[in-house]
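Visitor: First, the structure itself, so that you have it in front of you.
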Amino acid sequence: MKPDMTVNLAGMALRNPVMTASGTFGYGEEFAEYVDLETIGAFVTKGLSLKPRAGNPTPRIVETPGGMLNAIGLQNVGIDAFIQKKVPFLRSVNTPAIANFFGNTVDEYAELAGRLDQIPEVAALEVNISCPNVKQGGIVFGTDPDCAAGVVRACRAVTKKTLIVKLSPNVTDVVAMARACEDAGADCLSLINTLTGMAIDLNKRRPVLANITGGFSGPAIKPIALRMVWQVAKAVKVPIIGIGGIMNATDALEFMLAGATAVQVGTASFINPGAAQQIAADMENWLTDNGVADIKSLIGALQA
Amino acid sequence: MKPDMTVNLAGMALRNPVMTASGTFGYGEEFAEYVDLETIGAFVTKGLSLKPRAGNPTPRIVETPGGMLNAIGLQNVGIDAFIQKKVPFLRSVNTPAIANFFGNTVDEYAELAGRLDQIPEVAALEVNISCPNVKQGGIVFGTDPDCAAGVVRACRAVTKKTLIVKLSPNVTDVVAMARACEDAGADCLSLINTLTGMAIDLNKRRPVLANITGGFSGPAIKPIALRMVWQVAKAVKVPIIGIGGIMNATDALEFMLAGATAVQVGTASFINPGAAQQIAADMENWLTDNGVADIKSLIGALQA
Amino acid sequence: MQFTAMILSNAEVSPGYWRMRLTAPPEFASASPGQFVMVRVNNAIDPLLRRPFGVFDVGTHTPAHSGAAAQPYFEMLYRVVGKGTAMLSTLHETDLLDILGPLGRGFDLGDSDEEKLIVGGGVGLAPLYLLARELVKKSPVRLFAGGRTRDDILCITEFERLGVECYTATEDGSLGECGLVTEALLRRLDALQGRASIYACGPHGMLNAVANIAAQRGIPCQVSLEGYMACGVGACLGCVAPGNRHSAETPDFRCVCTEGPVFESGELKWRD
Amino acid sequence: MQFTAMILSNAEVSPGYWRMRLTAPPEFASASPGQFVMVRVNNAIDPLLRRPFGVFDVGTHTPAHSGAAAQPYFEMLYRVVGKGTAMLSTLHETDLLDILGPLGRGFDLGDSDEEKLIVGGGVGLAPLYLLARELVKKSPVRLFAGGRTRDDILCITEFERLGVECYTATEDGSLGECGLVTEALLRRLDALQGRASIYACGPHGMLNAVANIAAQRGIPCQVSLEGYMACGVGACLGCVAPGNRHSAETPDFRCVCTEGPVFESGELKWRD
Ligand SMILES: Cc1cc2nc3c(=O)[nH]c(=O)nc-3n(C[C@H](O)[C@H](O)[C@H](O)COP(=O)(O)OP(=O)(O)OC[C@H]3O[C@@H](n4cnc5c(N)ncnc54)[C@H](O)[C@@H]3O)c2cc1C
Ligand SMILES: Cc1cc2nc3c(=O)[nH]c(=O)nc-3n(C[C@H](O)[C@H](O)[C@H](O)COP(=O)(O)OP(=O)(O)OC[C@H]3O[C@@H](n4cnc5c(N)ncnc54)[C@H](O)[C@@H]3O)c2cc1C
Ligand SMILES: Cc1cc2nc3c(=O)[nH]c(=O)nc-3n(C[C@H](O)[C@H](O)[C@H](O)COP(=O)(O)O)c2cc1C
Ligand SMILES: Cc1cc2nc3c(=O)[nH]c(=O)nc-3n(C[C@H](O)[C@H](O)[C@H](O)COP(=O)(O)O)c2cc1C
Ligand code: FES
Ligand code: FES
């Protein structure tokens, strides 16, 4: 018998728990040649802002041991072009599309959430709170529980869609952040976003990235992500999406044992554009081979 | 001409900037077969406590992509056995030995600092503040600026030796931690200690480590370490020891460009027991090849 | 397209430069000159990301002994500069590699009545051989190959065999003219009678010089860029290069892996 | 000792089990049975840590054609279980490996008037061959080799060639007796006239059973343990195992890489 791969993410029914992570899968279309989108649970678009953003100067990416740094600078087409040029594609695919978005003030977040709420093709909203708050001296929303809660409350007020809050790992106490976001009305938490890292070119005596620091992702960060998912899953009631260095089905299943209801595949899609589809298929095979009838039985099933 | 490899670490003259990191080099003797200790700048002993500590149950270590987790549980012989059994060896080596130590209360830290201060063979003290404060509900000293400052002040009061404070990376704002320790009297800051991570055994549905979580080290963490060293170096006046994923001379020199006066080699000694000696030799060769007369000219020389 | 290729040969053609031939699916034969592949160097995580390389040549090998099926292949010409290329150079015949490609927008072959001036710096020659093979079918083609020293001048015999007239220049004078290859290009442009069009690939400084020359003389010019790439398919936005309207205030970035790697030089931003 | 070894051969001796012969410096010949090496699988960071393996055999190869120098070597017998061992199994003759060793405390060869009873489970046989080679010089030696299935019973011919009397048992009965190898051991102990001493290596459950049997009968017993190792030289304290005085309140840990891997079974903590 085929195992039951479906999961329920705060009211959203997914055919399986494998999603693609924001910023690593374009707007979905870019991967159409490599991934049959209807074999994965959901996909998340590149982070959207109110105005189009051109992003940072280059170099923007650099490989590090077991990982990579990116300083794309949140380049994106902006909400208007998203609606005009990208949404029609979403309509053609029978898989939930989740819009990731960010702002530099609470008002910007709220305005975006309100506009995305109106788009029927957008199944859920994922708030990226790893952005500087320009009204508070550039402190990153996602590193202060009150700032984060402010963003979440403002978004919650304007949307009834599933509201996913994506947590930053660059904090002392991720559980406090998670609780603050849950209390402020998040339906679901996704974690982790990238860690802040840096690479140096010895011969040029310069940082490799034009932006100096960048977001650290890839298999190297998995132990940190797994630890945070486990800590947060014990502390909150809302479902969790595990993210960070997931390269294969084993990694994905480990995140589920740690307490994740679904997972997002990020950097792996760069190395193998078909990664998400492959991981979903391999997870199903693992369930079959191990006599697990329902993937939901693995969520938080870690014996610890 | 041979380049000048000497550096001055808060009054301590080192023949070169390469040290070995606490917990990865035993008490020095263990590596005598593989490293001529008089070819490296200094070595740091396994972290000491007042009483001997037996450490955690096993498994205590696990490999992760590009890194490893350890949950040794600070097993060590305790200060008395250190004085009796390990100090005689230190006397035989013409290289500064730095004693790393930790406690679970401010008083324990101060008592250890006071006792280590009396040992002529100990060239400097490195305070590991990544330990839970049992009097404050187990909050880790190194994650709260006030707690950390309390430890540093107490140690400072009882020793005139060079006092190195080793910072934890598991914080939102490492610069605030660094400033608090500098203000409290640290002569020098070393960073980073391990990040907190976790690994899961899918088939057993259990954490791999008996302790569930462990300290994450190795090349994978280098981008985070480099970023933190760079941030802290800009913010404080005391010299910095860069630690985290240093595997070769290039890595070490990158840390110096970021602002480190010296570096510590940790996990690399497991993979290649002669790593520290090799790195020091290769750094000197790099200086020669690149016409750099004095390694001190590289400290903080990053063009950013 | 993603496929597993088997290495047919891997040989050092000049110190530090290697030429690798790999099996390809039949569809690969339609790769256009200037397109590239993303190579996964091994299955471990070190190196983690794929490495981009131009398509040097495509073809079909018909084995000598009758009966064996004809084998489509492609070739890469690569320089060992770091970890990934060093590992590639240790691979042997029959080893397997995971390939993504052909990717990107290649060269526009232009009009047949133009004289084609190809400018390559060092391993920048890699995507220009397949280009020359196509161009010689319709137009006269000249190659201007430059490098630091003679070891950096690659595969000239192959170009000559196509009927391409080759000029070489090295900075140390160890082969051909002493100096920059753009000088020979300028002389040719001065002597030129009819229309011409330029195709260039190589270090950014060289491309900049060629683009400026082309702009001054109003000659169409296509350049093939490099950029740090993670995905190769337009998703990561890591590889972008500044377009002609780019400024710090109003950035204008082009995606090298999907809009390029070949661009009309006028589309891009250059230093004067 | 740290050295670069060249692979002389690497062959699958049973499904999933490989035997590798590598060059060694002359000093390696003094490795004692039960010692191990730490192998760096490659120069990349994946896998990162060295992998520990017992020394299966040491020797000197005198090439057939006269003139060539005699070549000291050592052998490992390994089972492919994960990434590192999978990579080892793909290596070829002439490939190089960085080796640390011989490390740790090996077996005490005991008195010559004892009958030596060697118990090995699966790849646990690895360090027992060199042991048997030494023991047969002075005492009668019997081997009790167990495994899940017949594929897990390794190199019995080699032991027999030493003059060792071999008993085999498999859990599925596909080779030798059906059941656990400890049953044959018990029978031998029952029949035993004089003194005996036990040497065991294999899965922890098997060692536990053997240690309990030895304790009940008051027979000296040495076991070779495994432990997750980072350094192999006593620095990381990752590899420890609970000693006989161990309890949650008063922990007593022994360092497997320096105090072991071979321990008197009485020194360690076992389940009843
Ligand atoms: C479209 C395109 C086509 C190319 N075609 C060729 C070719 O045909 N032959 C050839 O020899 N080289 C070519 N290059 C450059 C080649 O990709 C790099 O030399 C190679 O990736 C270096 O990898 P490494 O691991 O040896 O070096 P490392 O320095 O260890 O690489 C580290 C990282 O930097 C990236 N990187 C390093 N140098 C470059 C570069 N010059 N351009 C882009 N990324 C770089 C790598 O891809 C990797 O992600 C091309 C680059 C691009 C973008
Ligand atoms: C002293 C000693 C001697 C050994 N001798 C042999 C031998 O002669 N033949 C043989 O086949 N195996 C032997 N082993 C076990 C062998 O080290 C492991 O099977 C091997 O390290 C697995 O590596 P991997 O990368 O294939 O597996 P992975 O599971 O990918 O390894 C991941 C990590 O776990 C460690 N690990 C995994 N299994 C074990 C294990 N059983 N014991 C210790 N660490 C482990 C690895 O070293 C590595 O750090 C010995 C172990 C020890 C401690
Ligand atoms: C190139 C790149 C761009 C990214 N852009 C975004 C983004 O726009 N919004 C966001 O929330 N996360 C973004 N991320 C973070 C990823 O969604 C993911 O959280 C992170 O990469 C960790 O997962 P991984 O290790 O699987 O890549 C980006 C990551 C990468 C590598
Ligand atoms: C096995 C192990 C034990 C360690 N024990 C200590 C310790 O006792 N005290 C301490 O301050 N740091 C300890 N550390 C942290 C290291 O000193 C170092 O800060 C960390 O490993 C990062 O450096 P690396 O990536 O080069 O290993 C330990 C690290 C490892 C891997
Ligand atoms: S390489 Fe990813 S967008 Fe071009
Ligand atoms: S393996 Fe490091 S102490 Fe034994």
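Each chain in the structure tokens gets a letter, A, B, ..., in the order shown, and its residues are numbered from 1; ligands are numbered from 1 in order too.
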Please identify the residues whose atoms come within 6 Å of ligand 3, using only C-alpha atoms and all ligand atoms, and report them as a PyMOL selection string.
Guide: (chain A and resi 21-24+46-47+70+74+128+192-194+217-219+243-246+265-267) or (chain C and resi 236)
Visitor: Grab the residues selected above and save them as a compact mmCIF listing (two decimals), in the first residue's frame with N, CA, C and O atoms.
Guide:
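Dumped everything to out_36.txt:
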# COMPACT_ATOMS: atom_id res chain seq x y z
N ALA A 21 12.18 26.49 -1.08
CA ALA A 21 12.40 27.65 -0.22
C ALA A 21 12.50 28.94 -1.03
O ALA A 21 13.00 28.94 -2.17
N SER A 22 12.07 30.00 -0.43
CA SER A 22 12.08 31.31 -1.08
C SER A 22 13.48 31.70 -1.53
O SER A 22 14.46 31.52 -0.81
N GLY A 23 13.57 32.25 -2.72
CA GLY A 23 14.84 32.76 -3.22
C GLY A 23 15.69 31.71 -3.88
O GLY A 23 16.76 32.01 -4.41
N THR A 24 15.22 30.47 -3.84
CA THR A 24 16.01 29.39 -4.44
C THR A 24 15.25 28.70 -5.56
O THR A 24 15.73 27.72 -6.12
N LYS A 46 10.22 33.87 -4.69
CA LYS A 46 11.25 34.82 -4.28
C LYS A 46 10.60 35.93 -3.47
O LYS A 46 9.49 36.35 -3.78
N GLY A 47 11.27 36.41 -2.43
CA GLY A 47 10.72 37.44 -1.55
C GLY A 47 10.30 38.70 -2.31
O GLY A 47 11.06 39.22 -3.12
N ASN A 70 25.07 34.14 0.25
CA ASN A 70 24.48 34.98 -0.79
C ASN A 70 24.17 36.35 -0.23
O ASN A 70 23.78 36.50 0.92
N LEU A 74 17.91 40.88 -2.00
CA LEU A 74 16.46 40.76 -2.15
C LEU A 74 15.94 41.32 -3.47
O LEU A 74 14.83 41.86 -3.56
N ASN A 128 9.02 37.25 5.66
CA ASN A 128 10.45 37.22 5.94
C ASN A 128 10.76 38.38 6.89
O ASN A 128 10.74 39.54 6.48
N ILE A 192 15.03 27.48 9.33
CA ILE A 192 15.62 28.77 9.58
C ILE A 192 15.86 29.51 8.26
O ILE A 192 16.02 28.90 7.21
N ASN A 193 15.91 30.84 8.37
CA ASN A 193 16.43 31.66 7.30
C ASN A 193 17.95 31.54 7.36
O ASN A 193 18.47 30.78 8.16
N THR A 194 18.66 32.26 6.54
CA THR A 194 20.12 32.13 6.51
C THR A 194 20.78 32.73 7.75
O THR A 194 20.27 33.67 8.34
N SER A 217 23.85 29.42 3.80
CA SER A 217 22.88 28.33 3.61
C SER A 217 23.60 27.08 3.15
O SER A 217 24.80 27.10 2.90
N GLY A 218 22.86 25.99 3.02
CA GLY A 218 23.45 24.75 2.50
C GLY A 218 23.67 23.72 3.60
O GLY A 218 23.40 23.98 4.78
N PRO A 219 24.16 22.54 3.22
CA PRO A 219 24.29 21.43 4.17
C PRO A 219 25.05 21.79 5.46
O PRO A 219 24.75 21.25 6.53
N ILE A 243 13.65 24.13 7.66
CA ILE A 243 14.48 24.59 6.54
C ILE A 243 15.92 24.67 6.99
O ILE A 243 16.20 25.12 8.10
N GLY A 244 16.83 24.29 6.11
CA GLY A 244 18.24 24.50 6.40
C GLY A 244 19.08 23.30 6.02
O GLY A 244 19.15 22.32 6.76
N GLY A 245 19.70 23.36 4.86
CA GLY A 245 20.65 22.33 4.47
C GLY A 245 20.03 21.00 4.09
O GLY A 245 20.72 19.99 4.07
N ILE A 246 18.76 20.99 3.77
CA ILE A 246 18.13 19.72 3.38
C ILE A 246 18.56 19.35 1.97
O ILE A 246 18.29 20.07 1.02
N VAL A 265 13.14 23.00 0.75
CA VAL A 265 14.42 22.68 0.13
C VAL A 265 14.95 23.95 -0.52
O VAL A 265 14.26 24.52 -1.37
N GLY A 266 16.13 24.39 -0.14
CA GLY A 266 16.68 25.64 -0.66
C GLY A 266 17.86 25.41 -1.58
O GLY A 266 17.71 25.02 -2.74
N THR A 267 19.05 25.58 -1.03
CA THR A 267 20.30 25.48 -1.78
C THR A 267 20.39 24.21 -2.61
O THR A 267 20.98 24.21 -3.69
N CYS C 236 18.77 31.93 -8.72
CA CYS C 236 19.46 32.47 -7.53
C CYS C 236 19.76 33.95 -7.65
O CYS C 236 19.96 34.64 -6.65
Visitor: Report the residues of stretch 198-235 of chain A whose backbone DSSP state falls under strand (DSSP E), written as a list in words.
Guide: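 Taking stretch 198-235 of chain A and keeping strand (DSSP E) gives Met198, Ile200, Asp201, Arg206, Pro207, Thr213, Gly214, Gly215, Phe216 and Ser217 of chain A.
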Visitor: Report the distance between atom CA of D:Phe28 and atom CA of D:Ser197 in Å, rounded to one decimal place.
Guide: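 That distance, rounded to one decimal, is 27.0 Å.
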Visitor: Show me which residues sit within 9 Å of ligand 1 when counting only C-alpha atoms and all ligand atoms, and put them as an MDAnalysis selection string.
Guide: (chainID A and resid 61:64 68) or (chainID C and resid 17:18 34:38 41 47:56 76:88 103:104 122:127 203 224:230 232 239 256:257 260:262)
Visitor: Among stretch 21-139 of chain D, which ones does DSSP place in helix (DSSP H, G or I), written as a ChimeraX atom specification?
Guide: /D:26-30,83-89,122-125,128-135
Visitor: For chain D against chain A, with a cut-off of 10 Å and counting only C-alpha atoms, what is the closest atom pair and its distance in Å to one decimal for every residue that makes the cut, ordered by chain and number, as JSON lines?
Guide:
{"residue": "D:Ala44", "atom": "CA", "partner": "A:Pro65", "partner_atom": "CA", "distance": 9.4}
{"residue": "D:Ile45", "atom": "CA", "partner": "A:Pro65", "partner_atom": "CA", "distance": 7.4}
{"residue": "D:Asp46", "atom": "CA", "partner": "A:Gly66", "partner_atom": "CA", "distance": 8.3}
Visitor: From the list D:Thr90, D:Thr168, D:Asp190, D:Arg148, which residue is nearest chain C when using only C-alpha atoms?
Guide: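 Among D:Thr90, D:Thr168, D:Asp190, D:Arg148, it is D:Thr90 that comes nearest to chain C.
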Visitor: Would you kindly return, as a ChimeraX atom specification, each protein, DNA or RNA residue with an atom no farther than 9 Å from any atom of stretch 138-147 of chain C, considering only C-alpha atoms and excluding same-chain residues fewer than 2 positions away?
Guide: /C:111-123,125,132,134-136,149-154,156,159,163-172,176,179-182,184-185,202
Visitor: Take the residues from that selection and put them in a file with N, CA and C atoms, as a compact mmCIF listing (two decimals), in the first residue's frame.
Guide:
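Saved as result_11.txt:
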# COMPACT_ATOMS: atom_id res chain seq x y z
N ASP C 111 25.19 38.38 -39.94
CA ASP C 111 25.03 38.29 -41.39
C ASP C 111 26.27 37.68 -42.03
N SER C 112 26.05 36.99 -43.14
CA SER C 112 27.18 36.28 -43.74
C SER C 112 28.13 37.21 -44.47
N ASP C 113 27.68 38.45 -44.82
CA ASP C 113 28.59 39.32 -45.56
C ASP C 113 29.53 40.11 -44.65
N GLU C 114 29.50 39.86 -43.35
CA GLU C 114 30.42 40.54 -42.44
C GLU C 114 31.69 39.71 -42.28
N GLU C 115 32.80 40.39 -42.10
CA GLU C 115 34.01 39.66 -41.70
C GLU C 115 33.89 39.44 -40.19
N LYS C 116 34.15 38.22 -39.75
CA LYS C 116 33.96 37.88 -38.34
C LYS C 116 35.30 37.96 -37.62
N LEU C 117 35.36 38.80 -36.62
CA LEU C 117 36.60 38.98 -35.86
C LEU C 117 36.38 38.42 -34.47
N ILE C 118 37.07 37.32 -34.20
CA ILE C 118 36.89 36.64 -32.91
C ILE C 118 38.07 37.00 -32.01
N VAL C 119 37.77 37.44 -30.79
CA VAL C 119 38.83 37.83 -29.86
C VAL C 119 38.74 36.96 -28.62
N GLY C 120 39.81 36.25 -28.33
CA GLY C 120 39.78 35.36 -27.16
C GLY C 120 40.98 35.59 -26.27
N GLY C 121 40.74 35.66 -24.98
CA GLY C 121 41.85 35.78 -24.02
C GLY C 121 41.95 34.51 -23.21
N GLY C 122 43.10 33.85 -23.27
CA GLY C 122 43.33 32.65 -22.47
C GLY C 122 42.23 31.62 -22.69
N VAL C 123 41.69 31.11 -21.58
CA VAL C 123 40.67 30.06 -21.67
C VAL C 123 39.35 30.62 -22.20
N LEU C 125 38.95 31.35 -25.01
CA LEU C 125 38.78 30.71 -26.31
C LEU C 125 37.74 29.59 -26.27
N ALA C 132 33.44 29.55 -34.15
CA ALA C 132 34.21 29.65 -35.39
C ALA C 132 33.77 28.59 -36.39
N GLU C 134 30.92 27.36 -36.83
CA GLU C 134 29.68 27.77 -37.50
C GLU C 134 29.93 28.94 -38.45
N LEU C 135 30.72 29.92 -37.98
CA LEU C 135 30.91 31.14 -38.76
C LEU C 135 31.63 30.88 -40.09
N VAL C 136 32.64 29.99 -40.05
CA VAL C 136 33.42 29.76 -41.29
C VAL C 136 32.55 29.21 -42.42
N THR C 149 51.28 34.48 -21.38
CA THR C 149 52.48 33.84 -21.90
C THR C 149 52.06 32.77 -22.91
N ARG C 150 53.02 32.13 -23.54
CA ARG C 150 52.63 31.23 -24.65
C ARG C 150 51.78 30.05 -24.19
N ASP C 151 51.94 29.67 -22.92
CA ASP C 151 51.12 28.56 -22.43
C ASP C 151 49.63 28.90 -22.44
N ASP C 152 49.30 30.20 -22.46
CA ASP C 152 47.89 30.61 -22.42
C ASP C 152 47.27 30.70 -23.81
N ILE C 153 48.03 30.41 -24.83
CA ILE C 153 47.50 30.45 -26.20
C ILE C 153 47.12 29.02 -26.57
N LEU C 154 45.82 28.79 -26.73
CA LEU C 154 45.32 27.42 -26.80
C LEU C 154 44.74 27.06 -28.16
N ILE C 156 45.31 26.76 -31.22
CA ILE C 156 45.37 27.55 -32.45
C ILE C 156 45.30 26.65 -33.69
N PHE C 159 41.82 25.96 -34.75
CA PHE C 159 41.18 27.08 -35.45
C PHE C 159 41.71 27.17 -36.88
N GLY C 163 40.21 26.92 -41.19
CA GLY C 163 40.39 27.96 -42.20
C GLY C 163 40.35 29.36 -41.61
N VAL C 164 40.46 29.46 -40.29
CA VAL C 164 40.46 30.75 -39.61
C VAL C 164 41.88 31.33 -39.65
N GLU C 165 41.99 32.61 -39.96
CA GLU C 165 43.30 33.24 -39.93
C GLU C 165 43.57 33.69 -38.50
N CYS C 166 44.69 33.24 -37.94
CA CYS C 166 44.93 33.47 -36.51
C CYS C 166 46.04 34.47 -36.25
N TYR C 167 45.80 35.38 -35.33
CA TYR C 167 46.82 36.31 -34.83
C TYR C 167 46.99 36.01 -33.35
N THR C 168 48.23 35.97 -32.90
CA THR C 168 48.41 35.74 -31.47
C THR C 168 49.27 36.83 -30.87
N ALA C 169 49.03 37.08 -29.60
CA ALA C 169 49.82 38.08 -28.88
C ALA C 169 49.97 37.63 -27.45
N THR C 170 51.16 37.80 -26.89
CA THR C 170 51.36 37.47 -25.47
C THR C 170 52.00 38.67 -24.78
N GLU C 171 51.67 38.82 -23.53
CA GLU C 171 52.18 39.97 -22.79
C GLU C 171 53.69 39.91 -22.61
N ASP C 172 54.22 38.67 -22.55
CA ASP C 172 55.67 38.55 -22.37
C ASP C 172 56.40 38.28 -23.69
N GLY C 176 53.94 34.89 -30.66
CA GLY C 176 53.28 35.93 -31.46
C GLY C 176 53.80 37.31 -31.08
N GLY C 179 52.51 41.99 -26.44
CA GLY C 179 51.56 43.04 -26.07
C GLY C 179 50.16 42.51 -26.00
N LEU C 180 49.18 43.42 -26.15
CA LEU C 180 47.79 43.01 -26.02
C LEU C 180 47.22 42.67 -27.39
N VAL C 181 46.31 41.71 -27.37
CA VAL C 181 45.76 41.23 -28.63
C VAL C 181 44.88 42.29 -29.28
N THR C 182 44.42 43.25 -28.51
CA THR C 182 43.57 44.30 -29.07
C THR C 182 44.33 45.16 -30.09
N ALA C 184 46.40 44.05 -32.47
CA ALA C 184 46.22 43.39 -33.76
C ALA C 184 44.79 43.59 -34.26
N LEU C 185 43.85 43.57 -33.33
CA LEU C 185 42.45 43.78 -33.70
C LEU C 185 42.29 45.18 -34.30
N GLY C 202 36.80 36.39 -22.69
CA GLY C 202 38.09 36.43 -22.00
C GLY C 202 37.97 37.24 -20.73
Visitor: Any idea what the distance is between atom CA of B:Leu163 and atom 10 (C, counted along the ligand's line) of ligand 4?
Guide: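 That distance, rounded to one decimal, is 14.4 Å.
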Visitor: Skipping near chain neighbours, those fewer than 5 positions away, what residues fall within 8 Å of C:Leu237 using only C-alpha atoms, listed as JSON, numbers by chain?
Guide: {"A": [72, 75], "C": [255]}
Visitor: Would you mind exporting C-alpha atoms of the selected residues as a CSV table (one decimal), in the first residue's frame?
Guide:
chain,number,residue,atom,x,y,z
A,72,ILE,CA,21.5,39.0,-3.5
A,75,GLN,CA,16.3,41.6,-5.9
C,255,CYS,CA,21.1,37.7,-15.5
